[in-house]
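Colleague: File name structure_0.tsv; file contents TSV, C-alpha atoms; full text below.
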```tsv
chain	number	residue	atom	x	y	z
A	1	MET	CA	-10.31	-3.04	-20.11
A	2	ASN	CA	-8.72	-5.89	-22.01
A	3	THR	CA	-7.45	-9.02	-20.35
A	4	ARG	CA	-3.80	-8.10	-20.89
A	5	ASP	CA	-4.22	-4.84	-18.94
A	6	LEU	CA	-6.01	-6.74	-16.17
A	7	VAL	CA	-3.12	-9.21	-15.98
A	8	LEU	CA	-0.48	-6.45	-16.04
A	9	ILE	CA	-2.25	-4.66	-13.17
A	10	SER	CA	-2.44	-7.87	-11.14
A	11	LEU	CA	1.18	-8.81	-11.81
A	12	PHE	CA	2.37	-5.36	-10.79
A	13	ALA	CA	0.36	-5.50	-7.57
A	14	ALA	CA	2.07	-8.85	-6.93
A	15	ILE	CA	5.48	-7.26	-7.62
A	16	VAL	CA	4.70	-4.57	-5.02
A	17	VAL	CA	3.89	-7.36	-2.54
A	18	VAL	CA	7.26	-9.02	-3.28
A	19	LEU	CA	9.09	-5.68	-2.93
A	20	GLY	CA	7.71	-5.64	0.64
A	21	LEU	CA	9.48	-8.92	1.36
A	22	ILE	CA	12.90	-7.51	0.45
A	23	PRO	CA	14.67	-6.52	3.68
A	24	PRO	CA	15.00	-2.73	4.07
A	25	ILE	CA	18.43	-1.19	3.54
A	26	THR	CA	19.97	1.11	6.13
A	27	LEU	CA	22.49	3.63	4.92
A	28	GLY	CA	24.70	5.49	7.32
A	29	PHE	CA	23.97	8.97	6.06
A	30	ILE	CA	20.17	8.59	5.92
A	31	PRO	CA	18.23	8.49	9.21
A	32	VAL	CA	15.40	6.13	8.16
A	33	PRO	CA	15.70	2.68	6.56
A	34	ILE	CA	14.77	2.46	2.90
A	35	THR	CA	12.02	-0.01	2.04
A	36	ALA	CA	11.87	-1.22	-1.53
A	37	GLN	CA	8.08	-1.35	-1.40
A	38	SER	CA	7.60	2.41	-1.30
A	39	MET	CA	9.35	2.49	-4.67
A	40	GLY	CA	6.28	0.69	-6.03
A	41	VAL	CA	4.52	4.02	-6.59
A	42	MET	CA	7.27	5.42	-8.80
A	43	LEU	CA	7.86	2.12	-10.62
A	44	ALA	CA	4.16	1.45	-11.33
A	45	GLY	CA	3.60	4.96	-12.68
A	46	CYS	CA	6.75	5.00	-14.81
A	47	ILE	CA	6.29	1.48	-16.18
A	48	LEU	CA	2.54	0.96	-16.57
A	49	GLY	CA	1.46	4.59	-17.00
A	50	ALA	CA	-1.16	6.58	-15.09
A	51	LYS	CA	-4.30	4.47	-15.32
A	52	ARG	CA	-2.94	0.95	-15.05
A	53	GLY	CA	-0.33	2.00	-12.47
A	54	ALA	CA	-2.92	3.62	-10.21
A	55	LEU	CA	-5.19	0.56	-10.53
A	56	ALA	CA	-2.27	-1.74	-9.60
A	57	LEU	CA	-1.68	0.23	-6.39
A	58	LEU	CA	-5.44	0.34	-5.71
A	59	LEU	CA	-5.53	-3.45	-6.02
A	60	PHE	CA	-2.59	-3.65	-3.63
A	61	LEU	CA	-4.41	-1.47	-1.08
A	62	LEU	CA	-7.44	-3.73	-1.45
A	63	LEU	CA	-5.24	-6.64	-0.39
A	64	VAL	CA	-4.13	-4.64	2.65
A	65	ALA	CA	-7.72	-3.68	3.52
A	66	ILE	CA	-9.09	-7.21	3.38
A	67	GLY	CA	-6.52	-8.32	5.92
A	68	LEU	CA	-3.45	-9.65	4.10
A	69	PRO	CA	-0.15	-8.67	5.75
A	70	VAL	CA	1.39	-7.44	2.50
A	71	LEU	CA	2.83	-4.10	3.64
A	72	SER	CA	6.58	-4.24	4.30
A	73	GLY	CA	7.33	-5.69	7.72
A	74	GLY	CA	4.27	-7.93	7.52
A	75	ARG	CA	1.78	-5.19	8.32
A	76	GLY	CA	-1.76	-5.13	6.99
A	77	GLY	CA	-5.42	-4.87	7.84
A	78	LEU	CA	-7.65	-1.88	8.38
A	79	ALA	CA	-5.53	-0.68	11.33
A	80	VAL	CA	-2.84	0.80	9.06
A	81	PHE	CA	-5.43	3.10	7.46
A	82	ALA	CA	-6.65	4.20	10.88
A	83	GLY	CA	-3.11	5.04	12.04
A	84	PRO	CA	-1.27	8.36	11.55
A	85	SER	CA	0.39	7.37	8.27
A	86	GLY	CA	-2.88	6.28	6.65
A	87	GLY	CA	-2.68	9.29	4.32
A	88	PHE	CA	0.70	8.26	2.98
A	89	ILE	CA	-0.65	4.79	2.18
A	90	LEU	CA	-3.95	5.94	0.64
A	91	GLY	CA	-2.03	8.65	-1.22
A	92	TRP	CA	-0.13	5.97	-3.16
A	93	VAL	CA	-2.95	5.67	-5.70
A	94	VAL	CA	-3.05	9.38	-6.55
A	95	ALA	CA	0.75	9.59	-6.45
A	96	THR	CA	1.06	6.73	-8.93
A	97	PHE	CA	-1.49	8.34	-11.23
A	98	VAL	CA	0.42	11.63	-11.29
A	99	THR	CA	3.75	9.81	-11.77
A	100	GLY	CA	2.23	7.98	-14.73
A	101	LEU	CA	0.79	11.15	-16.27
A	102	ILE	CA	4.15	12.90	-16.18
A	103	ALA	CA	6.05	9.87	-17.47
A	104	GLN	CA	3.59	9.48	-20.35
A	105	ARG	CA	3.90	13.16	-21.18
A	106	PHE	CA	7.70	13.36	-21.22
A	107	VAL	CA	9.07	9.95	-22.14
A	108	ARG	CA	8.93	8.61	-25.70
A	109	GLU	CA	10.58	5.79	-27.54
A	110	GLY	CA	13.37	6.89	-29.84
A	111	GLN	CA	14.10	9.87	-27.61
A	112	ALA	CA	17.67	10.48	-26.43
A	113	GLU	CA	18.52	8.35	-23.41
A	114	LEU	CA	19.16	11.38	-21.24
A	115	GLY	CA	15.70	12.73	-21.99
A	116	GLN	CA	14.15	9.48	-20.82
A	117	PHE	CA	16.14	9.57	-17.57
A	118	VAL	CA	15.08	13.17	-16.92
A	119	GLY	CA	11.44	12.35	-17.69
A	120	PHE	CA	11.31	9.35	-15.36
A	121	PHE	CA	13.14	11.19	-12.58
A	122	LEU	CA	10.83	14.18	-12.84
A	123	ALA	CA	7.79	11.88	-12.78
A	124	SER	CA	9.12	9.95	-9.75
A	125	VAL	CA	9.97	13.09	-7.79
A	126	VAL	CA	6.77	15.02	-8.53
A	127	GLY	CA	4.41	12.05	-8.25
A	128	GLY	CA	6.15	9.85	-5.73
A	129	ILE	CA	7.43	12.60	-3.42
A	130	VAL	CA	5.67	15.96	-3.91
A	131	VAL	CA	2.15	14.63	-4.43
A	132	LEU	CA	2.52	11.88	-1.82
A	133	TYR	CA	3.80	14.30	0.84
A	134	ALA	CA	1.08	16.80	-0.10
A	135	ILE	CA	-1.50	14.16	0.84
A	136	GLY	CA	0.32	12.44	3.70
A	137	MET	CA	1.56	15.40	5.73
A	138	PRO	CA	-1.77	17.26	6.16
A	139	TRP	CA	-3.30	13.86	7.03
A	140	VAL	CA	-0.80	13.25	9.84
A	141	SER	CA	-1.37	16.78	11.09
A	142	ALA	CA	-5.18	16.43	10.98
A	143	VAL	CA	-5.23	13.02	12.67
A	144	THR	CA	-2.61	13.55	15.39
A	145	GLY	CA	-3.06	17.27	15.98
A	146	THR	CA	0.67	17.87	15.55
A	147	PRO	CA	1.10	21.31	13.91
A	148	PHE	CA	1.63	21.06	10.14
A	149	LEU	CA	4.99	22.81	10.21
A	150	THR	CA	6.36	20.33	12.74
A	151	VAL	CA	5.15	17.41	10.62
A	152	ALA	CA	6.70	18.98	7.52
A	153	THR	CA	10.02	19.52	9.29
A	154	GLY	CA	9.99	15.95	10.57
A	155	SER	CA	9.21	14.61	7.11
A	156	LEU	CA	12.46	16.13	5.86
A	157	ALA	CA	14.19	13.12	7.45
A	158	PHE	CA	12.57	10.93	4.78
A	159	LEU	CA	13.52	13.18	1.88
A	160	PRO	CA	17.09	11.93	1.19
A	161	GLY	CA	15.86	8.32	1.18
A	162	ASP	CA	12.99	9.19	-1.13
A	163	LEU	CA	15.28	11.02	-3.56
A	164	LEU	CA	17.51	7.96	-3.64
A	165	LYS	CA	14.44	5.82	-4.33
A	166	ALA	CA	13.47	8.14	-7.17
A	167	ALA	CA	16.94	7.68	-8.64
A	168	ILE	CA	16.76	3.87	-8.38
A	169	ALA	CA	13.21	3.84	-9.78
A	170	THR	CA	14.38	6.03	-12.67
A	171	LEU	CA	17.16	3.62	-13.61
A	172	ALA	CA	14.93	0.57	-13.22
A	173	ALA	CA	12.05	2.14	-15.16
A	174	ARG	CA	14.37	3.14	-17.96
A	175	ALA	CA	15.80	-0.43	-18.07
A	176	VAL	CA	12.29	-1.84	-18.35
A	177	PHE	CA	11.36	0.79	-20.94
A	178	ALA	CA	14.34	-0.26	-23.05
A	179	GLY	CA	13.75	-3.99	-22.56
A	180	TYR	CA	9.99	-4.31	-22.58
A	181	PRO	CA	8.19	-0.99	-23.17
A	182	LEU	CA	4.65	-0.81	-21.76
A	183	LEU	CA	4.19	2.91	-21.16
A	184	PRO	CA	1.18	4.10	-23.19
A	185	VAL	CA	2.24	6.31	-26.08
A	186	ARG	CA	1.13	9.91	-25.99
A	187	ALA	CA	-1.79	10.62	-28.32
B	1	MET	CA	3.80	-16.22	2.85
B	2	LEU	CA	0.34	-14.81	2.38
B	3	THR	CA	-1.62	-15.90	5.42
B	4	SER	CA	-4.59	-13.75	6.22
B	5	LEU	CA	-4.79	-11.81	9.47
B	6	HIS	CA	-8.16	-13.42	10.14
B	7	ILE	CA	-8.39	-15.48	13.32
B	8	GLU	CA	-10.75	-18.44	13.62
B	9	GLY	CA	-13.25	-18.00	16.39
B	10	ASN	CA	-16.81	-17.65	17.42
B	11	SER	CA	-16.82	-14.41	19.37
B	12	TRP	CA	-19.65	-11.90	19.17
B	13	LEU	CA	-17.61	-9.88	16.68
B	14	HIS	CA	-17.01	-12.94	14.49
B	15	ARG	CA	-20.74	-13.52	14.07
B	16	LEU	CA	-21.58	-9.91	13.23
B	17	PRO	CA	-22.00	-9.31	9.46
B	18	VAL	CA	-19.02	-7.55	7.88
B	19	ARG	CA	-21.19	-4.62	6.75
B	20	ALA	CA	-22.21	-3.89	10.33
B	21	LYS	CA	-18.56	-3.98	11.44
B	22	LEU	CA	-17.40	-1.62	8.70
B	23	PHE	CA	-20.33	0.71	9.42
B	24	ALA	CA	-19.44	0.65	13.12
B	25	LEU	CA	-15.80	1.50	12.29
B	26	VAL	CA	-16.85	4.49	10.17
B	27	ALA	CA	-19.40	5.62	12.78
B	28	LEU	CA	-16.81	5.31	15.56
B	29	SER	CA	-14.24	7.38	13.68
B	30	ILE	CA	-16.77	10.14	12.95
B	31	LEU	CA	-17.94	10.15	16.59
B	32	LEU	CA	-14.43	10.24	18.02
B	33	PHE	CA	-13.23	12.96	15.66
B	34	LEU	CA	-16.24	15.16	16.47
B	35	SER	CA	-15.88	14.71	20.20
B	36	GLY	CA	-13.19	16.45	22.22
B	37	SER	CA	-14.17	14.82	25.48
B	38	LEU	CA	-11.49	12.81	27.27
B	39	LEU	CA	-14.12	10.58	28.89
B	40	ILE	CA	-15.63	9.50	25.54
B	41	GLN	CA	-12.20	8.76	24.05
B	42	LEU	CA	-11.18	6.79	27.10
B	43	THR	CA	-14.43	4.75	27.03
B	44	ALA	CA	-13.92	4.04	23.31
B	45	PHE	CA	-10.32	3.04	23.94
B	46	VAL	CA	-11.26	0.63	26.73
B	47	ILE	CA	-14.14	-0.92	24.72
B	48	SER	CA	-12.06	-1.26	21.50
B	49	GLY	CA	-9.14	-2.69	23.44
B	50	GLY	CA	-11.43	-5.15	25.21
B	51	LEU	CA	-13.02	-6.19	21.91
B	52	TYR	CA	-9.64	-6.62	20.23
B	53	LEU	CA	-8.25	-8.74	23.05
B	54	SER	CA	-11.40	-10.89	23.15
B	55	VAL	CA	-11.22	-12.09	19.53
B	56	GLY	CA	-8.87	-14.96	20.34
B	57	LEU	CA	-5.40	-13.56	19.68
B	58	THR	CA	-2.63	-14.21	22.16
B	59	PHE	CA	-1.54	-11.00	23.88
B	60	ARG	CA	1.85	-11.16	22.18
B	61	GLU	CA	0.41	-11.59	18.69
B	62	ALA	CA	-2.20	-8.89	19.39
B	63	LEU	CA	0.54	-6.47	20.39
B	64	LYS	CA	2.73	-7.38	17.42
B	65	ARG	CA	-0.05	-6.57	14.96
B	66	VAL	CA	-0.65	-3.03	16.17
B	67	GLY	CA	2.88	-2.42	17.45
B	68	PHE	CA	4.18	-0.53	14.45
B	69	VAL	CA	1.18	1.79	14.23
B	70	PHE	CA	1.30	2.36	18.00
B	71	PHE	CA	4.97	3.24	17.73
B	72	THR	CA	4.10	6.03	15.26
B	73	ILE	CA	1.25	7.20	17.49
B	74	PHE	CA	3.47	7.33	20.59
B	75	PHE	CA	6.25	9.06	18.71
B	76	LEU	CA	3.90	11.81	17.52
B	77	ALA	CA	2.33	11.98	21.00
B	78	ALA	CA	5.79	12.57	22.46
B	79	VAL	CA	6.34	15.40	19.98
B	80	ASN	CA	2.89	16.79	20.81
B	81	LEU	CA	3.71	16.92	24.53
B	82	PHE	CA	6.03	19.84	23.81
B	83	LEU	CA	3.53	21.69	21.64
B	84	LEU	CA	0.00	21.06	22.93
B	85	PRO	CA	-1.78	21.05	26.30
B	86	LEU	CA	-1.64	17.69	28.10
B	87	ASN	CA	-5.40	17.17	27.99
B	88	GLU	CA	-5.46	17.58	24.20
B	89	VAL	CA	-2.55	15.18	23.69
B	90	ALA	CA	-4.39	12.57	25.77
B	91	VAL	CA	-7.58	13.00	23.69
B	92	LEU	CA	-5.70	12.75	20.37
B	93	THR	CA	-3.65	9.73	21.41
B	94	LEU	CA	-6.55	7.77	22.92
B	95	ARG	CA	-8.71	8.49	19.87
B	96	LEU	CA	-6.13	7.09	17.46
B	97	MET	CA	-5.41	4.06	19.61
B	98	ALA	CA	-9.13	3.31	19.96
B	99	LEU	CA	-9.62	3.46	16.18
B	100	VAL	CA	-6.56	1.34	15.43
B	101	LEU	CA	-7.64	-1.30	17.96
B	102	PHE	CA	-11.18	-1.40	16.60
B	103	ALA	CA	-9.93	-1.65	13.01
B	104	ALA	CA	-7.55	-4.46	14.01
B	105	ALA	CA	-10.46	-6.25	15.69
B	106	VAL	CA	-12.55	-5.99	12.49
B	107	THR	CA	-9.65	-7.35	10.44
B	108	ALA	CA	-9.05	-10.24	12.84
B	109	THR	CA	-12.70	-11.33	12.83
B	110	THR	CA	-13.49	-11.06	9.12
B	111	THR	CA	-12.53	-13.62	6.48
B	112	ILE	CA	-11.21	-12.60	3.08
B	113	GLY	CA	-14.28	-14.25	1.56
B	114	ALA	CA	-16.62	-12.08	3.61
B	115	PHE	CA	-14.69	-8.94	2.58
B	116	MET	CA	-14.85	-9.99	-1.07
B	117	ASP	CA	-18.61	-10.51	-0.90
B	118	GLU	CA	-18.98	-7.04	0.59
B	119	ILE	CA	-16.73	-5.52	-2.08
B	120	THR	CA	-18.88	-7.15	-4.78
B	121	VAL	CA	-21.96	-5.51	-3.24
B	122	LEU	CA	-20.22	-2.13	-2.93
B	123	LEU	CA	-19.18	-2.33	-6.60
B	124	THR	CA	-22.72	-2.94	-7.88
B	125	PRO	CA	-23.51	0.74	-8.56
B	126	PHE	CA	-20.24	1.13	-10.49
B	127	GLU	CA	-20.98	-2.05	-12.37
B	128	ARG	CA	-24.34	-0.60	-13.49
B	129	LEU	CA	-22.48	2.46	-14.78
B	130	GLY	CA	-20.21	0.12	-16.74
B	131	TRP	CA	-17.03	1.36	-14.97
B	132	VAL	CA	-15.84	-1.88	-13.46
B	133	ARG	CA	-16.86	-5.52	-13.26
B	134	ALA	CA	-16.91	-7.14	-9.84
B	135	ALA	CA	-15.82	-10.42	-11.42
B	136	ASP	CA	-12.69	-8.68	-12.76
B	137	VAL	CA	-11.77	-7.49	-9.27
B	138	SER	CA	-12.06	-11.04	-7.90
B	139	LEU	CA	-10.03	-12.37	-10.83
B	140	ALA	CA	-7.33	-9.75	-10.26
B	141	LEU	CA	-7.12	-10.58	-6.54
B	142	GLY	CA	-6.89	-14.27	-7.38
B	143	LEU	CA	-4.08	-13.57	-9.87
B	144	VAL	CA	-2.08	-11.63	-7.27
B	145	LEU	CA	-2.37	-14.45	-4.72
B	146	ARG	CA	-1.44	-16.95	-7.42
B	147	PHE	CA	1.66	-15.11	-8.64
B	148	VAL	CA	3.27	-13.71	-5.48
B	149	PRO	CA	5.07	-17.00	-4.69
B	150	ASP	CA	6.27	-17.26	-8.32
B	151	ILE	CA	7.60	-13.71	-8.32
B	152	PHE	CA	9.28	-14.23	-4.96
B	153	ALA	CA	10.96	-17.40	-6.29
B	154	ARG	CA	12.13	-15.36	-9.27
B	155	TYR	CA	13.53	-12.71	-6.93
B	156	GLN	CA	15.50	-15.39	-5.11
B	157	ALA	CA	16.77	-16.82	-8.40
B	158	ILE	CA	18.05	-13.39	-9.47
B	159	GLN	CA	19.66	-13.00	-6.04
B	160	GLU	CA	21.41	-16.37	-6.48
B	161	ALA	CA	22.58	-15.33	-9.93
B	162	HIS	CA	24.12	-12.21	-8.39
B	163	ARG	CA	25.94	-14.28	-5.78
B	164	ALA	CA	27.14	-16.79	-8.38
B	165	ARG	CA	28.79	-13.95	-10.26
B	166	GLY	CA	30.17	-12.38	-7.12
B	167	LEU	CA	28.07	-9.24	-7.54
B	168	PRO	CA	26.66	-7.36	-4.55
B	169	VAL	CA	22.89	-7.89	-4.20
B	170	ARG	CA	21.46	-4.42	-4.77
B	171	PRO	CA	17.81	-3.43	-5.37
B	172	LEU	CA	18.92	-1.44	-8.40
B	173	THR	CA	20.23	-4.46	-10.30
B	174	ILE	CA	17.44	-6.77	-9.12
B	175	ILE	CA	14.30	-4.71	-9.72
B	176	GLY	CA	14.80	-4.21	-13.48
B	177	PRO	CA	15.17	-7.91	-14.41
B	178	LEU	CA	12.48	-8.91	-11.90
B	179	ILE	CA	9.92	-6.59	-13.48
B	180	ILE	CA	10.79	-7.44	-17.08
B	181	LEU	CA	10.73	-11.20	-16.43
B	182	THR	CA	7.42	-10.94	-14.59
B	183	LEU	CA	5.56	-8.64	-16.97
B	184	LYS	CA	6.72	-10.61	-20.02
B	185	ASP	CA	4.39	-13.40	-18.87
B	186	ALA	CA	1.38	-11.09	-19.14
B	187	ASP	CA	0.55	-12.04	-22.73
B	188	THR	CA	0.65	-15.78	-22.03
B	189	ILE	CA	-1.46	-15.42	-18.89
B	190	ALA	CA	-3.97	-13.18	-20.68
B	191	ALA	CA	-4.22	-15.66	-23.56
B	192	ALA	CA	-4.78	-18.50	-21.06
B	193	ILE	CA	-7.55	-16.55	-19.34
B	194	ASP	CA	-9.28	-15.70	-22.61
B	195	ALA	CA	-8.91	-19.24	-23.96
B	196	ARG	CA	-10.83	-20.50	-20.93
B	197	GLY	CA	-13.50	-17.84	-21.35
B	198	PHE	CA	-13.19	-16.64	-17.74
B	199	ARG	CA	-14.24	-13.12	-18.67
B	200	ARG	CA	-17.01	-14.18	-21.07
B	201	GLN	CA	-15.77	-12.01	-23.91
```
Is it possible to give me this structure as C-alpha cells?
Modeller:
Amino acid sequence: MNTRDLVLISLFAAIVVVLGLIPPITLGFIPVPITAQSMGVMLAGCILGAKRGALALLLFLLLVAIGLPVLSGGRGGLAVFAGPSGGFILGWVVATFVTGLIAQRFVREGQAELGQFVGFFLASVVGGIVVLYAIGMPWVSAVTGTPFLTVATGSLAFLPGDLLKAAIATLAARAVFAGYPLLPVRA
Amino acid sequence: MLTSLHIEGNSWLHRLPVRAKLFALVALSILLFLSGSLLIQLTAFVISGGLYLSVGLTFREALKRVGFVFFTIFFLAAVNLFLLPLNEVAVLTLRLMALVLFAAAVTATTTIGAFMDEITVLLTPFERLGWVRAADVSLALGLVLRFVPDIFARYQAIQEAHRARGLPVRPLTIIGPLIILTLKDADTIAAAIDARGFRRQ
C-alpha cells in the first residue's frame, strides 16, 4: 500500500468520527433519528472504493474497540460489540466493501451524470442497506433470541431513514466524484 | 473531543495484562452462550457488574457508558416477553447485560497504549505473510487522532459559511465540501510522511 492510500484511509476514518459529532436529525415522518455517521459506510465505499473504503471503516472500528468514544452519541469501547447491535457495527466493513465493489463496477468518469447517480444509489442501497441488514438482523436474533421475523419487521422502521441516507450519500459521492475523483478505475 | 474511556486506577483488573482480559471476555461469551442455566447467567451478571462498578467510575458515569446498549437490550427483552417463556427471556437478558458490563470493565481498565501493543502482537502473523505492517496501523491511528480536530474545525467553518449566506445547514450541502477539502490534503500529508522517511521506503 502506498503512503497516499494510507493517508486517504486515515483521513476518511477521521471524517467518519466527525460525522458522529454532527447532531442527529429528526424528521416527522420517520420514526428514528438519522445519524450522519451511519452514512459513512455508503460514502466510504462510493468515494474510496472497495478496498480502501473497507479499511477506513476497519480503522474506525479499531478506534471504537480500543476505547475511544467515537460512535455517534459518544459511545465506544468493547461494550458496543457485545450489545445486540454489534452485528450492525461489525457489518460496516463488509457493507463498505460491497458498496465499493458496486460503485467501481458501475460508475465511470465521462459517463452521463444520470448513470453515475444510478450507480452510486445502487451501490449505497445494496451495500449500505441490504448487506448491512443481512448481517445485522440475524445477529440481533441470535444474540437476543428474538425471532428473526420480528427483528426483520422491527427493522423496517429504519428503512425510510436509510433510503434517505442512501440518497444523500449518492448526491455527496457524486459531488466528490466530480470535484476530486478517487474511485479506482475499473480494469 | 477524543478522550479515551480508560479510567486511571489500580484495581485488580487494571493490573491484569490486556491479553488475559480479552481472553477472559471471549471465554465468558462462549461460556454464557453455551449455557442455558439461569443461575450461571445471574452469577456472571453479578460478578461482571461488581467488577465494572469497582474500577473507579462514579455510578452515574458507569450507567451513562452502558446506558444506550442497555436501552436496546431492555427494548428487545420487552418484545421477547410477548414471544418467549419468562425463564428464557431472563437468561437472554442477563447474559447480554453480563457481557456488556464485562466488556465495559475491560475498556475502562485498559489504556490505548496497552491495546496498541496487543494489536501489534496480534498482527505479527499477518506481518510475516506480508499483508499488513503493524507500524502502518499505528501510523494510521495516529493520523486519525491528529486530524479529527482539524476536520471538525473545517465542519464548523462550512457551517458558518452556510449561516453567513443565510442557507439552512443541511448534511447534504456540508458533507460534499467537507470530504473534498479533507481528502485534497492527502497528497501533501503523504509527501510529508515520505519526506521524513516514517515508513522506511
Colleague: Do you have the atom CA of A:Val18-atom CA of A:Ala36 distance handy?
Modeller: 9.2 Å
Colleague: Can you pull out every residue within 6 Å of stretch 166-176 of chain A, counting all atoms listed in the file, but drop anything in the same chain fewer than 5 positions away, and send it as a list in words?
Modeller: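 Non-adjacent residues within range: Leu43, Ile47, Phe120, Phe121 and Ser124 of chain A; Leu172, Gly176 and Ile180 of chain B.
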Colleague: Using the file's own x, y and z axes, so that the box edges lie along x, y and z, what centre and edge lengths in Å (one decimal) does a box around every listed atom of stretch 72-89 of chain B get when 8 Å is added on each side? Give it as lines of an AutoDock Vina configuration file.
Modeller:
```
center_x = 0.4
center_y = 13.9
center_z = 21.7
size_x = 27.8
size_y = 31.7
size_z = 28.8
```
Colleague: May I have the residues of chain B within 6 Å of chain A, counting only C-alpha atoms, written as JSON, numbers by chain?
Modeller: {"B": [4, 5, 69, 80, 92, 100, 103, 104, 107, 112, 115, 140, 144, 148, 152, 172, 176, 180, 186, 190]}
Colleague: Given the selection you just returned, output its residues as a file containing C-alpha atoms, formatted as a tab-separated table (two decimals), keeping the file's coordinate frame.
Modeller:
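This is the output file out.tsv:
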```
chain	number	residue	atom	x	y	z
B	4	SER	CA	-4.59	-13.75	6.22
B	5	LEU	CA	-4.79	-11.81	9.47
B	69	VAL	CA	1.18	1.79	14.23
B	80	ASN	CA	2.89	16.79	20.81
B	92	LEU	CA	-5.70	12.75	20.37
B	100	VAL	CA	-6.56	1.34	15.43
B	103	ALA	CA	-9.93	-1.65	13.01
B	104	ALA	CA	-7.55	-4.46	14.01
B	107	THR	CA	-9.65	-7.35	10.44
B	112	ILE	CA	-11.21	-12.60	3.08
B	115	PHE	CA	-14.69	-8.94	2.58
B	140	ALA	CA	-7.33	-9.75	-10.26
B	144	VAL	CA	-2.08	-11.63	-7.27
B	148	VAL	CA	3.27	-13.71	-5.48
B	152	PHE	CA	9.28	-14.23	-4.96
B	172	LEU	CA	18.92	-1.44	-8.40
B	176	GLY	CA	14.80	-4.21	-13.48
B	180	ILE	CA	10.79	-7.44	-17.08
B	186	ALA	CA	1.38	-11.09	-19.14
B	190	ALA	CA	-3.97	-13.18	-20.68
```
Colleague: Calculate how many Å separate atom CA of B:Glu88 from atom CA of A:Gly154, rounding to one decimal.
Modeller: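 Atom-to-atom, atom CA of B:Glu88 and atom CA of A:Gly154 are spaced 20.7 Å apart.
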Colleague: Give me, please, the distance in Å between atom CA of B:Ala24 and atom CA of B:Leu122, quoted to one decimal.
Modeller: 16.3 Å
Colleague: Residues at most 8 Å from A:Ala44, counting all atoms listed in the file, excluding those fewer than 6 positions away in the same chain, as a VMD selection string?
Modeller: chain A and resid 12 53 to 54 56 to 57 96 100
Colleague: Hey, can you spit out that residue selection with C-alpha atoms as an mmCIF file, keeping the file's coordinate frame?
Modeller:
```cif
data_model
loop_
_atom_site.group_PDB
_atom_site.id
_atom_site.type_symbol
_atom_site.label_atom_id
_atom_site.label_comp_id
_atom_site.auth_asym_id
_atom_site.auth_seq_id
_atom_site.Cartn_x
_atom_site.Cartn_y
_atom_site.Cartn_z
ATOM 1 C CA PHE A 12 2.370 -5.360 -10.790
ATOM 2 C CA GLY A 53 -0.330 2.000 -12.470
ATOM 3 C CA ALA A 54 -2.920 3.620 -10.210
ATOM 4 C CA ALA A 56 -2.270 -1.740 -9.600
ATOM 5 C CA LEU A 57 -1.680 0.230 -6.390
ATOM 6 C CA THR A 96 1.060 6.730 -8.930
ATOM 7 C CA GLY A 100 2.230 7.980 -14.730
#
```
Colleague: Counting only C-alpha atoms, which of B:Ile179, B:Ala78, B:Met97, B:Phe68 gets nearest to B:Gly49?
Modeller: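 The closest residue to B:Gly49 is B:Met97.
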Colleague: Which polymer residues have any atom within 12 Å of an atom of B:Ser54, counting all atoms listed in the file, with same-chain residues fewer than 2 positions away left out, as a PyMOL selection string?
Modeller: chain B and resi 7+9-14+47-52+56-59+62+101-102+104-106+108-109
Colleague: Kindly extract all protein, DNA and RNA residues lying within 8 Å of the coordinates (-5.7, 12.0, 27.1) given in the file, considering only C-alpha atoms, and supply them as a ChimeraX atom specification.
Modeller: /B:38,41-42,86-94
Colleague: Store the residues picked out above, limited to C-alpha atoms, as a CSV table (one decimal), in the coordinates of the input.
Modeller:
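And here's again-v9.csv as it stands now:
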```
chain,number,residue,atom,x,y,z
B,38,LEU,CA,-11.5,12.8,27.3
B,41,GLN,CA,-12.2,8.8,24.0
B,42,LEU,CA,-11.2,6.8,27.1
B,86,LEU,CA,-1.6,17.7,28.1
B,87,ASN,CA,-5.4,17.2,28.0
B,88,GLU,CA,-5.5,17.6,24.2
B,89,VAL,CA,-2.6,15.2,23.7
B,90,ALA,CA,-4.4,12.6,25.8
B,91,VAL,CA,-7.6,13.0,23.7
B,92,LEU,CA,-5.7,12.8,20.4
B,93,THR,CA,-3.6,9.7,21.4
B,94,LEU,CA,-6.6,7.8,22.9
```
Colleague: Choose the residue, out of A:Leu149, A:Leu61, A:Ala50, A:Ala112, that has the smallest atom-to-atom separation from A:Gly127; count all atoms listed in the file.
Modeller: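 Of all the options, A:Ala50 lies closest to A:Gly127.
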Colleague: Could you name the residues that touch stretch 90-92 of chain A at 7 Å or less, counting only C-alpha atoms, but leaving out those on the same chain fewer than 5 positions away, as a VMD selection string?
Modeller: chain A and resid 41 57 132 135 to 136
Colleague: What lies within 8 Å of A:Gly161 using all atoms listed in the file, ignoring chain neighbours under 4 positions off, as a ChimeraX atom specification?
Modeller: /A:30,32-34,165
Colleague: Go through B:Leu83, B:Leu129, B:Leu39, B:Leu2 and flag the residue nearest B:Arg146, using all atoms listed in the file for the distances.
Modeller: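 Going through B:Leu83, B:Leu129, B:Leu39, B:Leu2 one by one, the smallest distance to B:Arg146 is for B:Leu2.
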Colleague: Regenerate stretch 65-70 of chain B at the level of N, CA and C atoms and dump it as a compact mmCIF listing (two decimals), in the coordinates of the input.
Modeller:
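Heads up, here's the output in part.txt:
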```txt
# COMPACT_ATOMS: atom_id res chain seq x y z
N ARG B 65 0.71 -7.07 16.12
CA ARG B 65 -0.05 -6.57 14.96
C ARG B 65 -0.23 -5.07 14.95
N VAL B 66 -0.42 -4.47 16.13
CA VAL B 66 -0.65 -3.03 16.17
C VAL B 66 0.61 -2.28 16.59
N GLY B 67 1.68 -3.03 16.90
CA GLY B 67 2.88 -2.42 17.45
C GLY B 67 3.45 -1.29 16.62
N PHE B 68 3.55 -1.52 15.30
CA PHE B 68 4.18 -0.53 14.45
C PHE B 68 3.37 0.77 14.41
N VAL B 69 2.04 0.61 14.27
CA VAL B 69 1.18 1.79 14.23
C VAL B 69 1.22 2.52 15.58
N PHE B 70 1.23 1.73 16.67
CA PHE B 70 1.30 2.36 18.00
C PHE B 70 2.60 3.11 18.20
```
